[in-house]
$ cat work25.cif   # mmCIF, C-alpha atoms
data_structure
loop_
_atom_site.group_PDB
_atom_site.id
_atom_site.type_symbol
_atom_site.label_atom_id
_atom_site.label_comp_id
_atom_site.auth_asym_id
_atom_site.auth_seq_id
_atom_site.Cartn_x
_atom_site.Cartn_y
_atom_site.Cartn_z
ATOM 1 C CA MET A 362 0.000 0.000 0.000
ATOM 2 C CA MET A 363 1.286 3.442 -0.868
ATOM 3 C CA ILE A 364 0.226 6.972 0.077
ATOM 4 C CA LYS A 365 0.120 9.170 -3.008
ATOM 5 C CA ASN A 366 -0.684 12.814 -3.729
ATOM 6 C CA ARG A 367 0.089 14.004 -0.207
ATOM 7 C CA SER A 368 -0.843 17.602 0.444
ATOM 8 C CA LYS A 369 0.671 20.007 2.950
ATOM 9 C CA ASN A 370 -2.630 20.072 4.834
ATOM 10 C CA ASN A 371 -2.303 16.368 5.590
ATOM 11 C CA ASN A 372 1.145 16.550 7.143
ATOM 12 C CA ILE A 373 -0.228 16.083 10.661
ATOM 13 C CA LEU A 374 -1.971 12.835 9.693
ATOM 14 C CA ASN A 375 0.843 11.381 7.639
ATOM 15 C CA PRO A 376 2.877 9.917 10.556
ATOM 16 C CA ILE A 377 -0.247 8.167 11.865
ATOM 17 C CA LEU A 378 -1.047 6.729 8.457
ATOM 18 C CA ILE A 379 2.527 5.544 7.996
ATOM 19 C CA VAL A 380 2.481 3.725 11.352
ATOM 20 C CA LEU A 381 -0.795 2.018 10.405
ATOM 21 C CA LEU A 382 0.660 0.879 7.098
ATOM 22 C CA ILE A 383 3.726 -0.550 8.810
ATOM 23 C CA LEU A 384 1.582 -2.435 11.308
ATOM 24 C CA LEU A 385 -0.652 -3.806 8.567
ATOM 25 C CA GLY A 386 2.379 -4.978 6.590
ATOM 26 C CA SER A 387 3.919 -6.636 9.645
ATOM 27 C CA GLU A 388 0.679 -8.426 10.532
ATOM 28 C CA SER A 389 0.313 -9.740 6.996
ATOM 29 C CA ILE A 390 3.749 -11.314 7.077
ATOM 30 C CA SER A 391 3.211 -12.680 10.570
ATOM 31 C CA ALA A 392 0.035 -14.385 9.387
ATOM 32 C CA GLN A 393 2.081 -16.226 6.778
ATOM 33 C CA GLU A 394 5.354 -17.043 8.504
ATOM 34 C CA VAL A 395 5.709 -18.174 12.120
ATOM 35 C CA GLU A 396 7.403 -15.475 14.180
ATOM 36 C CA ASP A 397 7.917 -17.482 17.379
ATOM 37 C CA GLU A 398 10.451 -20.011 16.158
ATOM 38 C CA ARG A 399 10.502 -21.758 19.536
ATOM 39 C CA GLU A 400 7.425 -23.607 18.300
ATOM 40 C CA PHE A 401 9.490 -25.763 15.929
ATOM 41 C CA GLU A 402 13.037 -27.077 15.481
ATOM 42 C CA TYR A 403 15.388 -28.195 12.717
ATOM 43 C CA ALA A 404 16.976 -31.244 14.363
ATOM 44 C CA GLU A 405 15.683 -34.160 12.300
ATOM 45 C CA LYS A 406 15.237 -36.549 15.250
ATOM 46 C CA SER A 407 13.446 -33.969 17.389
ATOM 47 C CA GLU A 408 9.726 -34.253 18.135
ATOM 48 C CA LYS A 409 9.552 -30.686 16.816
ATOM 49 C CA GLY A 410 11.736 -31.426 13.776
ATOM 50 C CA PRO A 411 10.843 -30.975 10.068
ATOM 51 C CA ARG A 412 9.237 -34.421 9.744
ATOM 52 C CA LYS A 413 6.851 -33.554 12.585
ATOM 53 C CA TRP A 414 5.893 -29.995 11.610
ATOM 54 C CA GLY A 415 2.706 -31.048 9.842
ATOM 55 C CA GLU A 416 1.508 -32.985 12.890
ATOM 56 C CA MET A 417 2.110 -30.265 15.463
ATOM 57 C CA LYS A 418 -0.740 -27.943 14.492
ATOM 58 C CA LYS A 419 -3.760 -28.300 12.239
ATOM 59 C CA GLU A 420 -2.857 -25.103 10.400
ATOM 60 C CA TRP A 421 0.597 -26.545 9.676
ATOM 61 C CA GLY A 422 -0.845 -29.547 7.834
ATOM 62 C CA ALA A 423 0.636 -28.498 4.479
ATOM 63 C CA CYS A 424 4.103 -29.228 5.904
ATOM 64 C CA SER A 425 3.205 -32.944 5.695
ATOM 65 C CA ASN A 426 0.541 -33.283 3.016
ATOM 66 C CA GLY A 427 1.222 -30.361 0.682
ATOM 67 C CA SER A 428 2.004 -31.046 -2.981
ATOM 68 C CA LEU A 429 3.886 -27.803 -3.730
ATOM 69 C CA GLN A 430 6.405 -27.766 -0.899
ATOM 70 C CA SER A 431 9.825 -26.082 -0.802
ATOM 71 C CA PRO A 432 12.788 -26.342 -0.984
ATOM 72 C CA VAL A 433 13.540 -28.550 -3.991
ATOM 73 C CA ASP A 434 16.511 -29.626 -6.056
ATOM 74 C CA ILE A 435 16.641 -27.813 -9.375
ATOM 75 C CA SER A 436 18.148 -29.886 -12.201
ATOM 76 C CA ASN A 437 19.334 -27.983 -15.255
ATOM 77 C CA ASP A 438 18.496 -30.868 -17.592
ATOM 78 C CA ARG A 439 14.829 -30.702 -16.589
ATOM 79 C CA VAL A 440 14.144 -26.966 -16.565
ATOM 80 C CA ILE A 441 12.173 -25.191 -19.261
ATOM 81 C CA ILE A 442 14.324 -22.502 -20.882
ATOM 82 C CA MET A 443 12.654 -19.102 -21.160
ATOM 83 C CA SER A 444 13.938 -15.885 -22.700
ATOM 84 C CA LYS A 445 11.295 -13.387 -21.618
ATOM 85 C CA GLN A 446 12.485 -11.128 -18.831
ATOM 86 C CA GLU A 447 9.974 -11.119 -15.972
ATOM 87 C CA LYS A 448 12.005 -10.148 -12.913
ATOM 88 C CA LYS A 449 12.269 -6.422 -12.320
ATOM 89 C CA ILE A 450 13.747 -5.317 -9.016
ATOM 90 C CA HIS A 451 13.397 -1.777 -7.721
ATOM 91 C CA TYR A 452 14.783 -1.463 -4.208
ATOM 92 C CA ARG A 453 15.440 1.700 -2.213
ATOM 93 C CA PRO A 454 16.856 2.578 1.229
ATOM 94 C CA SER A 455 14.408 2.333 4.115
ATOM 95 C CA ASN A 456 14.474 2.118 7.885
ATOM 96 C CA ALA A 457 15.084 -1.411 9.093
ATOM 97 C CA SER A 458 15.535 -3.534 12.184
ATOM 98 C CA LEU A 459 17.343 -6.786 12.942
ATOM 99 C CA LYS A 460 15.649 -9.506 14.957
ATOM 100 C CA ASN A 461 16.921 -12.746 16.459
ATOM 101 C CA ARG A 462 13.928 -15.011 15.688
ATOM 102 C CA GLY A 463 15.331 -18.066 17.440
ATOM 103 C CA HIS A 464 16.511 -20.103 14.425
ATOM 104 C CA ASP A 465 17.557 -17.279 12.108
ATOM 105 C CA ILE A 466 18.391 -13.588 11.958
ATOM 106 C CA GLN A 467 15.819 -11.459 10.168
ATOM 107 C CA ILE A 468 16.101 -7.979 8.749
ATOM 108 C CA GLN A 469 12.762 -6.239 8.389
ATOM 109 C CA TRP A 470 12.150 -3.072 6.402
ATOM 110 C CA PHE A 471 9.582 -0.465 7.401
ATOM 111 C CA GLY A 472 7.979 1.901 4.949
ATOM 112 C CA GLU A 473 8.751 1.549 1.253
ATOM 113 C CA ALA A 474 11.917 -0.468 0.601
ATOM 114 C CA GLY A 475 10.997 -1.181 -2.999
ATOM 115 C CA SER A 476 9.640 -4.271 -4.677
ATOM 116 C CA ILE A 477 9.983 -7.043 -7.227
ATOM 117 C CA PHE A 478 7.694 -7.068 -10.279
ATOM 118 C CA ILE A 479 6.481 -10.518 -11.408
ATOM 119 C CA ASN A 480 3.758 -11.452 -13.893
ATOM 120 C CA GLY A 481 2.220 -7.985 -13.852
ATOM 121 C CA THR A 482 2.155 -7.776 -10.044
ATOM 122 C CA ASP A 483 4.226 -5.600 -7.737
ATOM 123 C CA TYR A 484 5.436 -7.407 -4.596
ATOM 124 C CA PRO A 485 6.775 -4.992 -1.936
ATOM 125 C CA LEU A 486 9.804 -6.169 0.050
ATOM 126 C CA ARG A 487 9.078 -6.910 3.728
ATOM 127 C CA GLN A 488 11.948 -8.893 5.232
ATOM 128 C CA ALA A 489 14.949 -11.125 4.606
ATOM 129 C CA HIS A 490 16.659 -13.917 6.546
ATOM 130 C CA TRP A 491 19.508 -16.382 6.162
ATOM 131 C CA HIS A 492 19.665 -20.203 6.110
ATOM 132 C CA SER A 493 22.780 -22.362 6.292
ATOM 133 C CA PRO A 494 23.470 -24.532 4.489
ATOM 134 C CA SER A 495 21.325 -23.624 1.484
ATOM 135 C CA GLU A 496 17.815 -25.024 1.388
ATOM 136 C CA HIS A 497 17.599 -25.271 -2.396
ATOM 137 C CA THR A 498 20.166 -27.316 -4.293
ATOM 138 C CA ILE A 499 21.215 -27.071 -7.939
ATOM 139 C CA ASN A 500 21.870 -30.375 -9.724
ATOM 140 C CA GLY A 501 22.168 -32.000 -6.322
ATOM 141 C CA ARG A 502 24.738 -29.524 -5.037
ATOM 142 C CA SER A 503 24.150 -27.789 -1.716
ATOM 143 C CA TYR A 504 25.678 -24.386 -1.029
ATOM 144 C CA ASP A 505 26.955 -22.842 2.201
ATOM 145 C CA MET A 506 24.195 -20.275 2.707
ATOM 146 C CA GLU A 507 20.927 -19.056 1.241
ATOM 147 C CA LEU A 508 19.317 -15.656 1.636
ATOM 148 C CA HIS A 509 15.543 -15.321 1.330
ATOM 149 C CA LEU A 510 14.013 -11.946 0.515
ATOM 150 C CA VAL A 511 10.306 -12.149 1.294
ATOM 151 C CA HIS A 512 7.863 -9.981 -0.667
ATOM 152 C CA LEU A 513 4.147 -9.650 -0.042
ATOM 153 C CA SER A 514 1.423 -8.263 -2.279
ATOM 154 C CA THR A 515 -1.497 -6.536 -0.550
ATOM 155 C CA ASP A 516 -3.582 -6.510 -3.739
ATOM 156 C CA PRO A 517 -6.839 -8.372 -2.923
ATOM 157 C CA ASN A 518 -7.110 -9.474 -6.570
ATOM 158 C CA VAL A 519 -3.778 -11.317 -6.509
ATOM 159 C CA LYS A 520 -4.046 -15.067 -5.842
ATOM 160 C CA ASN A 521 -0.382 -15.795 -5.052
ATOM 161 C CA LYS A 522 0.497 -13.088 -2.559
ATOM 162 C CA ILE A 523 4.009 -14.179 -1.531
ATOM 163 C CA ALA A 524 7.112 -13.970 -3.720
ATOM 164 C CA VAL A 525 10.497 -15.028 -2.359
ATOM 165 C CA LEU A 526 13.820 -14.243 -4.002
ATOM 166 C CA GLY A 527 16.537 -16.732 -3.068
ATOM 167 C CA VAL A 528 20.278 -16.085 -3.299
ATOM 168 C CA LEU A 529 22.864 -18.864 -2.963
ATOM 169 C CA TYR A 530 26.333 -18.388 -1.433
ATOM 170 C CA LYS A 531 29.575 -20.364 -1.341
ATOM 171 C CA ILE A 532 32.521 -19.873 0.989
ATOM 172 C CA GLY A 533 34.898 -17.213 -0.295
ATOM 173 C CA LYS A 534 35.249 -13.460 0.140
ATOM 174 C CA PRO A 535 33.059 -11.806 2.794
ATOM 175 C CA ASP A 536 29.641 -10.637 1.656
ATOM 176 C CA LYS A 537 29.671 -6.829 1.691
ATOM 177 C CA PHE A 538 26.018 -6.489 2.661
ATOM 178 C CA LEU A 539 26.409 -8.817 5.639
ATOM 179 C CA SER A 540 29.609 -7.021 6.654
ATOM 180 C CA LYS A 541 27.577 -3.848 7.286
ATOM 181 C CA LEU A 542 25.288 -5.756 9.667
ATOM 182 C CA MET A 543 27.731 -8.103 11.349
ATOM 183 C CA ARG A 544 28.479 -5.988 14.434
ATOM 184 C CA ASN A 545 24.750 -5.752 15.222
ATOM 185 C CA ILE A 546 24.237 -9.451 14.492
ATOM 186 C CA THR A 547 26.995 -10.584 16.844
ATOM 187 C CA SER A 548 25.646 -8.273 19.571
ATOM 188 C CA MET A 549 22.385 -10.257 19.472
ATOM 189 C CA THR A 550 24.028 -13.615 20.224
ATOM 190 C CA ASP A 551 21.847 -15.756 22.500
ATOM 191 C CA LYS A 552 19.325 -12.907 22.824
ATOM 192 C CA LYS A 553 16.229 -14.636 21.441
ATOM 193 C CA HIS A 554 13.591 -12.315 20.008
ATOM 194 C CA GLU A 555 15.690 -9.230 20.602
ATOM 195 C CA GLU A 556 15.047 -6.580 17.978
ATOM 196 C CA LYS A 557 17.413 -3.746 17.202
ATOM 197 C CA ALA A 558 16.917 -0.713 14.940
ATOM 198 C CA VAL A 559 19.717 -0.425 12.373
ATOM 199 C CA GLY A 560 18.680 2.746 10.530
ATOM 200 C CA MET A 561 18.493 3.169 6.768
ATOM 201 C CA ILE A 562 19.435 -0.033 4.930
ATOM 202 C CA ASP A 563 19.431 -0.289 1.138
ATOM 203 C CA PRO A 564 18.469 -3.812 -0.066
ATOM 204 C CA ALA A 565 19.926 -2.890 -3.458
ATOM 205 C CA ASP A 566 23.338 -3.302 -1.796
ATOM 206 C CA ILE A 567 22.785 -7.067 -1.907
ATOM 207 C CA LYS A 568 23.474 -6.835 -5.674
ATOM 208 C CA LEU A 569 20.768 -9.134 -7.007
ATOM 209 C CA HIS A 570 20.768 -8.390 -10.711
ATOM 210 C CA SER A 571 21.666 -11.839 -12.036
ATOM 211 C CA LYS A 572 20.931 -12.351 -15.741
ATOM 212 C CA ARG A 573 19.794 -15.916 -15.148
ATOM 213 C CA TYR A 574 17.367 -17.161 -12.554
ATOM 214 C CA TYR A 575 15.118 -20.120 -11.825
ATOM 215 C CA ARG A 576 11.401 -19.835 -11.174
ATOM 216 C CA TYR A 577 8.884 -22.309 -9.782
ATOM 217 C CA MET A 578 5.779 -22.486 -7.593
ATOM 218 C CA GLY A 579 6.396 -23.681 -4.048
ATOM 219 C CA SER A 580 5.822 -22.885 -0.386
ATOM 220 C CA LEU A 581 7.286 -21.216 2.666
ATOM 221 C CA THR A 582 10.105 -23.355 4.065
ATOM 222 C CA VAL A 583 9.018 -22.819 7.676
ATOM 223 C CA PRO A 584 5.634 -23.519 9.297
ATOM 224 C CA PRO A 585 2.864 -23.153 8.291
ATOM 225 C CA CYS A 586 4.494 -24.115 4.948
ATOM 226 C CA THR A 587 1.949 -22.004 3.053
ATOM 227 C CA GLU A 588 1.780 -22.960 -0.637
ATOM 228 C CA GLY A 589 1.337 -20.692 -3.649
ATOM 229 C CA VAL A 590 4.684 -18.969 -3.104
ATOM 230 C CA ILE A 591 6.418 -17.730 -6.273
ATOM 231 C CA TRP A 592 10.076 -18.691 -5.948
ATOM 232 C CA THR A 593 12.835 -16.957 -7.892
ATOM 233 C CA ILE A 594 16.342 -18.351 -7.355
ATOM 234 C CA ASN A 595 19.300 -16.408 -8.742
ATOM 235 C CA LYS A 596 21.560 -18.672 -10.798
ATOM 236 C CA LYS A 597 24.614 -16.579 -9.979
ATOM 237 C CA VAL A 598 26.216 -17.807 -6.754
ATOM 238 C CA LYS A 599 27.638 -15.125 -4.470
ATOM 239 C CA SER A 600 30.387 -15.480 -1.875
ATOM 240 C CA VAL A 601 30.312 -15.310 1.907
ATOM 241 C CA SER A 602 33.085 -15.843 4.428
ATOM 242 C CA ARG A 603 33.146 -18.850 6.740
ATOM 243 C CA ASP A 604 33.222 -16.466 9.723
ATOM 244 C CA GLN A 605 30.057 -14.714 8.526
ATOM 245 C CA VAL A 606 28.151 -17.995 8.232
ATOM 246 C CA LYS A 607 29.446 -19.057 11.654
ATOM 247 C CA SER A 608 28.381 -15.752 13.213
ATOM 248 C CA LEU A 609 24.825 -16.084 11.885
ATOM 249 C CA ARG A 610 24.511 -19.567 13.400
ATOM 250 C CA GLU A 611 26.150 -18.612 16.705
ATOM 251 C CA ALA A 612 23.872 -15.597 17.083
ATOM 252 C CA VAL A 613 20.753 -17.789 17.275
ATOM 253 C CA HIS A 614 22.598 -20.595 19.100
ATOM 254 C CA ASP A 615 19.648 -23.005 18.741
ATOM 255 C CA TYR A 616 21.750 -26.154 19.231
ATOM 256 C CA ALA A 617 21.005 -27.304 15.668
ATOM 257 C CA GLU A 618 23.830 -27.729 13.176
ATOM 258 C CA LYS A 619 21.728 -26.119 10.469
ATOM 259 C CA ASN A 620 18.532 -24.167 9.921
ATOM 260 C CA ALA A 621 17.681 -25.597 6.513
ATOM 261 C CA ARG A 622 14.548 -27.628 5.792
ATOM 262 C CA PRO A 623 15.202 -30.946 3.961
ATOM 263 C CA LEU A 624 14.436 -31.169 0.241
ATOM 264 C CA GLN A 625 10.804 -31.802 -0.695
ATOM 265 C CA ALA A 626 9.258 -33.877 -3.499
ATOM 266 C CA LYS A 627 8.813 -32.017 -6.805
ATOM 267 C CA HIS A 628 5.595 -33.793 -7.832
ATOM 268 C CA ASN A 629 6.270 -33.090 -11.528
ATOM 269 C CA ARG A 630 6.256 -29.335 -11.056
ATOM 270 C CA ASP A 631 7.506 -27.185 -13.913
ATOM 271 C CA MET A 632 10.841 -25.485 -13.271
ATOM 272 C CA TYR A 633 11.856 -22.553 -15.442
ATOM 273 C CA LEU A 634 15.223 -20.978 -16.245
ATOM 274 C CA TYR A 635 15.006 -17.401 -17.436
ATOM 275 C CA SER A 636 17.946 -16.077 -19.393
ATOM 276 C CA THR A 637 18.187 -12.380 -20.193
ATOM 277 C CA GLY A 638 21.737 -12.272 -21.552
ATOM 278 C CA ASN A 639 25.150 -13.869 -21.113
ATOM 279 C CA ALA A 640 25.679 -16.112 -18.120
ATOM 280 C CA ASN A 641 26.096 -14.047 -14.982
#

$ encode --input "work25.cif" --output "structure tokens"
Amino acid sequence: MMIKNRSKNNNILNPILIVLLILLGSESISAQEVEDEREFEYAEKSEKGPRKWGEMKKEWGACSNGSLQSPVDISNDRVIIMSKQEKKIHYRPSNASLKNRGHDIQIQWFGEAGSIFINGTDYPLRQAHWHSPSEHTINGRSYDMELHLVHLSTDPNVKNKIAVLGVLYKIGKPDKFLSKLMRNITSMTDKKHEEKAVGMIDPADIKLHSKRYYRYMGSLTVPPCTEGVIWTINKKVKSVSRDQVKSLREAVHDYAEKNARPLQAKHNRDMYLYSTGNAN
């Protein structure tokens, strides 16, 4: 939702309207993705582990019986090659906060941080978080980390309201975007559900303009495993340092070696590879 054509006479009301918009956006995301991560775990043998998610709550049933679950392995020899460019990213700096959610570190943007444009629909950016190792695999290969940028459409006429942009990382040079946040992340170690304002953060600094990307229909990778999520996975793999990955895991200190959901069955879903130029 956006406020347009603001007049000088409405300046007194604007702050109130902005707060309401932020709260509405936050509630929408919360309704889709579990905020209290103490409710589930990643340890496979745990009674709260991934294999048990669908049995823990009725509203989490899709985690066990869904047919469009994520993550999946993407095999290049089975994708449908497309040439039409559909991914348009327009991000801008906006106030943000970091939160230790229990199993991952989340950065949430308030106000207008930009959006991704898919299939004629604008999906505003709401939050991002990190998984290690990667949840998605390419041709059976797992990577060291995966970043999820979660977008949510508030258009009542849009059927698939969630669009997630995934970025894969391998161990190498430090990630510049993470480097800007690392001091705040390490200060949140073992402080579950602590939230800290970090000022203006530009998501464009993540450098997401890959010329090739995968697209498929899936789900959230955490309870309630909501389906109908439009997944876009950048083909270009970025680098992250081993210390950065370690710091993200130590900050949540959830006693699990990883915070990645196991691969899910594809069920003959179509996987697409969009190419808009030379490999990048």

$ residues_near_point --input "work25.cif" --point "(4.4, -19.7, 4.4)" --cutoff "12 Å" --atoms "all atoms listed in the file" --output "PyMOL selection string"
chain A and resi 389-396+420-424+427+429-432+511-513+521-525+579-592

$ residues_around --input "work25.cif" --residues "region 487-499 of chain A" --least-positions-apart "3" --cutoff "7 Å" --atoms "all atoms listed in the file" --output "PyMOL selection string"
chain A and resi 432-436+465-470+502-513+529+619-623

$ resolve_selection --input "work25.cif" --expression "the PyMOL selection byres ((chain A and resi 553-557) around 10)" --output "MDAnalysis selection string"
chainID A and resid 396:399 457:469 545:546 548:552 558:560 612:615

$ atom_distance --input "work25.cif" --atom1 "CA of Ala404 (chain A)" --atom2 "CA of Glu618 (chain A)"
7.8 Å

$ resolve_selection --input "work25.cif" --expression "the PyMOL selection byres ((chain A and resi 537) around 12)" --output "compact mmCIF listing (two decimals) with C-alpha atoms, in the frame of the given file"
# COMPACT_ATOMS: atom_id res chain seq x y z
CA GLY A 533 34.90 -17.21 -0.30
CA LYS A 534 35.25 -13.46 0.14
CA PRO A 535 33.06 -11.81 2.79
CA ASP A 536 29.64 -10.64 1.66
CA PHE A 538 26.02 -6.49 2.66
CA LEU A 539 26.41 -8.82 5.64
CA SER A 540 29.61 -7.02 6.65
CA LYS A 541 27.58 -3.85 7.29
CA LEU A 542 25.29 -5.76 9.67
CA MET A 543 27.73 -8.10 11.35
CA PRO A 564 18.47 -3.81 -0.07
CA ALA A 565 19.93 -2.89 -3.46
CA ASP A 566 23.34 -3.30 -1.80
CA ILE A 567 22.78 -7.07 -1.91
CA LYS A 568 23.47 -6.84 -5.67
CA LYS A 599 27.64 -15.12 -4.47
CA SER A 600 30.39 -15.48 -1.88
CA VAL A 601 30.31 -15.31 1.91
CA SER A 602 33.08 -15.84 4.43
CA GLN A 605 30.06 -14.71 8.53

$ atom_distance --input "work25.cif" --atom1 "CA of Gly481 (chain A)" --atom2 "CA of Asp516 (chain A)"
11.8 Å

$ resolve_selection --input "work25.cif" --expression "the PyMOL selection byres ((chain A and resi 451) around 7)" --output "JSON, numbers by chain"
{"A": [449, 450, 452, 453, 475, 476, 477]}

$ atom_distance --input "work25.cif" --atom1 "CA of Val440 (chain A)" --atom2 "CA of Ser514 (chain A)"
26.8 Å

$ closest_residue --input "work25.cif" --among "A:Leu609, A:Ile594, A:Met561, A:Leu569" --to "Arg544 (chain A)" --atoms "all atoms listed in the file"
A:Leu609

$ closest_residue --input "work25.cif" --among "A:Thr515, A:Ser425, A:Ser608, A:Ser455" --to "Arg412 (chain A)" --atoms "only C-alpha atoms"
A:Ser425

$ closest_residue --input "work25.cif" --among "A:Glu473, A:Asp604, A:Glu405, A:Asp438" --to "Pro485 (chain A)" --atoms "only C-alpha atoms"
A:Glu473

$ residues_around --input "work25.cif" --residues "Ser444 (chain A)" --least-positions-apart "3" --cutoff "9 Å" --atoms "only C-alpha atoms" --output "list in words"
Leu634, Tyr635, Ser636, Thr637 and Gly638 of chain A

$ closest_residue --input "work25.cif" --among "A:Arg610, A:Ile532, A:Arg573, A:Gly527" --to "Thr593 (chain A)" --atoms "only C-alpha atoms"
A:Gly527

$ axis_aligned_box --input "work25.cif" --around "region 470-489 of chain A" --padding-each-side "6 Å" --output "lines of an AutoDock Vina configuration file"
center_x = 8.6
center_y = -4.8
center_z = -3.2
size_x = 24.8
size_y = 25.4
size_z = 33.3
